[in-house]
Amino acid sequence: MPNNLQLRFLGAGNAAAHELGNAAAVLEDPAGRPLLLIDCGPTVLPAYLSRYGALPQAIFITHTHLDHVGGLENLFYRLACEFPDLSPPRLYVPVEIVARLHQRLAEDPYKLAEGGVNFWERFQLMPVGERFWHAGHCFDVFAVNHHAYRTAFGFGLKGCFVYTGDTRPVPEVLTTFAADGETVFHDCGLVANPSHTGVDDLAAHYPRELRERLVLYHYESKAAAAVLRSRGYRTAQAGDVFALAASAARAA
Ligand SMILES: [Zn+2]
């Protein structure tokens, strides 16, 4: 069953490139309605509201660095104070990082000065393992290579897309999860470091056929993105929308 989803970027910068927006994207249905926000750094909620005029109803979290989850605190306050009757949005979190997310955002019992509200009361936490269902699609979840062991995750939809989150090259992952023509949205800046991919890593780790399916994000600057394009790669920036192939996976 064709789905013809699309992916809209709300930001594509690395943690220091605030002006590019924190790396985040929204999986949209064919009519452009938001299905699933991917990550929620501090710049993301304003960008989301400006695009859709409503708070997100579903979010997937790749890892707990603050440029990917720092905006959840703002979202909590809006849900707790401005929209207390709104249904809690679904927060899909790889089960191995639930405790880290709790420590980072939810441990304080006085998120409100007067107390009385727990962070998790305003979210529907959905711990996810290797796969999860959302909006009739079954998404694959996989560990990537970013700082500590199994603390960062990517996800994808077979035949449709893969989104790596922050990572070094992960050829063994993409051999498995990007084997069917998927568009691969991949962390990449100009210069590599121990946590992120650099442009020279791509040819060293990935075959040409896969490199042609990459869309690069999480880079240092607009100038860096221009160099990535001059090297033959596609890049994403805030506002860009990518049409996706129909998923090969079963859709409800
Ligand atoms: Zn990170």
# chains A, B, ... in the order shown; residues from 1 in each chain; ligands from 1
>>> residues_near_ligand(ligand="ligand 1", cutoff="9 Å", atoms="only C-alpha atoms and all ligand atoms", output="PDB file with C-alpha atoms, in the first residue's frame")
ATOM      1  CA  ASN A  14      25.253  20.759  14.883  1.00  0.00           C
ATOM      2  CA  ALA A  15      25.093  21.622  18.592  1.00  0.00           C
ATOM      3  CA  THR A  62      17.279   9.620  19.044  1.00  0.00           C
ATOM      4  CA  HIS A  63      19.453  10.383  22.090  1.00  0.00           C
ATOM      5  CA  THR A  64      19.599  12.595  25.156  1.00  0.00           C
ATOM      6  CA  HIS A  65      22.048  15.335  24.186  1.00  0.00           C
ATOM      7  CA  LEU A  66      20.395  18.648  24.916  1.00  0.00           C
ATOM      8  CA  ASP A  67      20.379  19.839  21.312  1.00  0.00           C
ATOM      9  CA  HIS A  68      18.016  16.883  20.743  1.00  0.00           C
ATOM     10  CA  HIS A 146      27.822   8.354  18.985  1.00  0.00           C
ATOM     11  CA  HIS A 147      29.761   8.700  22.243  1.00  0.00           C
ATOM     12  CA  ALA A 152      22.148   6.929  20.467  1.00  0.00           C
ATOM     13  CA  GLY A 165      20.529  10.673  14.287  1.00  0.00           C
ATOM     14  CA  ASP A 166      23.977  11.729  15.466  1.00  0.00           C
ATOM     15  CA  THR A 167      26.555   9.143  14.509  1.00  0.00           C
ATOM     16  CA  SER A 195      31.276  11.537  17.690  1.00  0.00           C
ATOM     17  CA  HIS A 196      30.258  12.702  14.233  1.00  0.00           C
TER      18      HIS A 196
END
>>> closest_residue(among="A:Ser221, A:Thr175, A:Thr43, A:Ser230", to="His205 (chain A)", atoms="only C-alpha atoms")
A:Thr175
>>> select_by_dssp(residues="region 64-188 of chain A", states="helix (DSSP H, G or I)", output="ChimeraX atom specification")
/A:66-69,71-82,95-106,119-122,171-177
>>> write_last_selection(atoms="C-alpha atoms", output="mmCIF file, in the first residue's frame")
data_model
loop_
_atom_site.group_PDB
_atom_site.id
_atom_site.type_symbol
_atom_site.label_atom_id
_atom_site.label_comp_id
_atom_site.auth_asym_id
_atom_site.auth_seq_id
_atom_site.Cartn_x
_atom_site.Cartn_y
_atom_site.Cartn_z
ATOM 1 C CA LEU A 66 20.395 18.648 24.916
ATOM 2 C CA ASP A 67 20.379 19.839 21.312
ATOM 3 C CA HIS A 68 18.016 16.883 20.743
ATOM 4 C CA VAL A 69 15.899 16.910 23.913
ATOM 5 C CA GLY A 71 13.087 21.625 23.906
ATOM 6 C CA LEU A 72 11.037 18.998 25.735
ATOM 7 C CA GLU A 73 11.190 21.131 28.875
ATOM 8 C CA ASN A 74 9.568 24.040 27.038
ATOM 9 C CA LEU A 75 6.989 21.604 25.661
ATOM 10 C CA PHE A 76 6.294 20.281 29.172
ATOM 11 C CA TYR A 77 5.607 23.780 30.484
ATOM 12 C CA ARG A 78 3.253 24.542 27.625
ATOM 13 C CA LEU A 79 1.408 21.283 28.166
ATOM 14 C CA ALA A 80 1.290 21.699 31.947
ATOM 15 C CA CYS A 81 0.427 25.401 32.116
ATOM 16 C CA GLU A 82 -1.159 26.519 28.833
ATOM 17 C CA VAL A 95 14.232 1.807 26.067
ATOM 18 C CA GLU A 96 17.962 1.933 26.805
ATOM 19 C CA ILE A 97 17.935 5.729 27.166
ATOM 20 C CA VAL A 98 14.722 6.154 29.154
ATOM 21 C CA ALA A 99 16.630 6.436 32.453
ATOM 22 C CA ARG A 100 19.009 9.032 30.970
ATOM 23 C CA LEU A 101 16.098 11.094 29.711
ATOM 24 C CA HIS A 102 14.420 10.874 33.097
ATOM 25 C CA GLN A 103 17.597 12.045 34.855
ATOM 26 C CA ARG A 104 18.041 14.888 32.402
ATOM 27 C CA LEU A 105 14.514 16.282 32.334
ATOM 28 C CA ALA A 106 12.178 14.631 34.793
ATOM 29 C CA PHE A 119 7.057 15.602 34.121
ATOM 30 C CA TRP A 120 5.665 12.326 32.800
ATOM 31 C CA GLU A 121 2.060 13.299 33.465
ATOM 32 C CA ARG A 122 2.167 15.487 30.378
ATOM 33 C CA PRO A 171 28.088 0.729 7.413
ATOM 34 C CA GLU A 172 26.920 -2.447 9.163
ATOM 35 C CA VAL A 173 23.680 -0.709 10.161
ATOM 36 C CA LEU A 174 22.979 0.695 6.716
ATOM 37 C CA THR A 175 23.735 -2.637 5.044
ATOM 38 C CA THR A 176 20.846 -3.987 7.094
ATOM 39 C CA PHE A 177 18.382 -1.103 7.255
#
>>> select_by_dssp(residues="region 19-155 of chain A", states="strand (DSSP E)", output="ChimeraX atom specification")
/A:24-28,34-38,58-60,90-94,124-128,131-134,137-143,153-155
>>> closest_residue(among="A:Thr197, A:Leu20, A:His186, A:Ala246", to="Lys222 (chain A)", atoms="only C-alpha atoms")
A:Leu20
>>> residues_around(residues="Gly239 (chain A)", least_positions_apart="6", cutoff="7 Å", atoms="only C-alpha atoms", output="PyMOL selection string")
chain A and resi 8-10
>>> atom_distance(atom1="CA of Gln57 (chain A)", atom2="CA of Leu86 (chain A)")
9.6 Å
>>> closest_residue(among="A:Ala24, A:Ala224, A:Ala58, A:Ile38", to="Phe155 (chain A)", atoms="only C-alpha atoms")
A:Ile38
>>> residues_around(residues="His218 (chain A)", least_positions_apart="5", cutoff="6 Å", atoms="only C-alpha atoms", output="VMD selection string")
chain A and resid 12 to 14 23 187 to 188
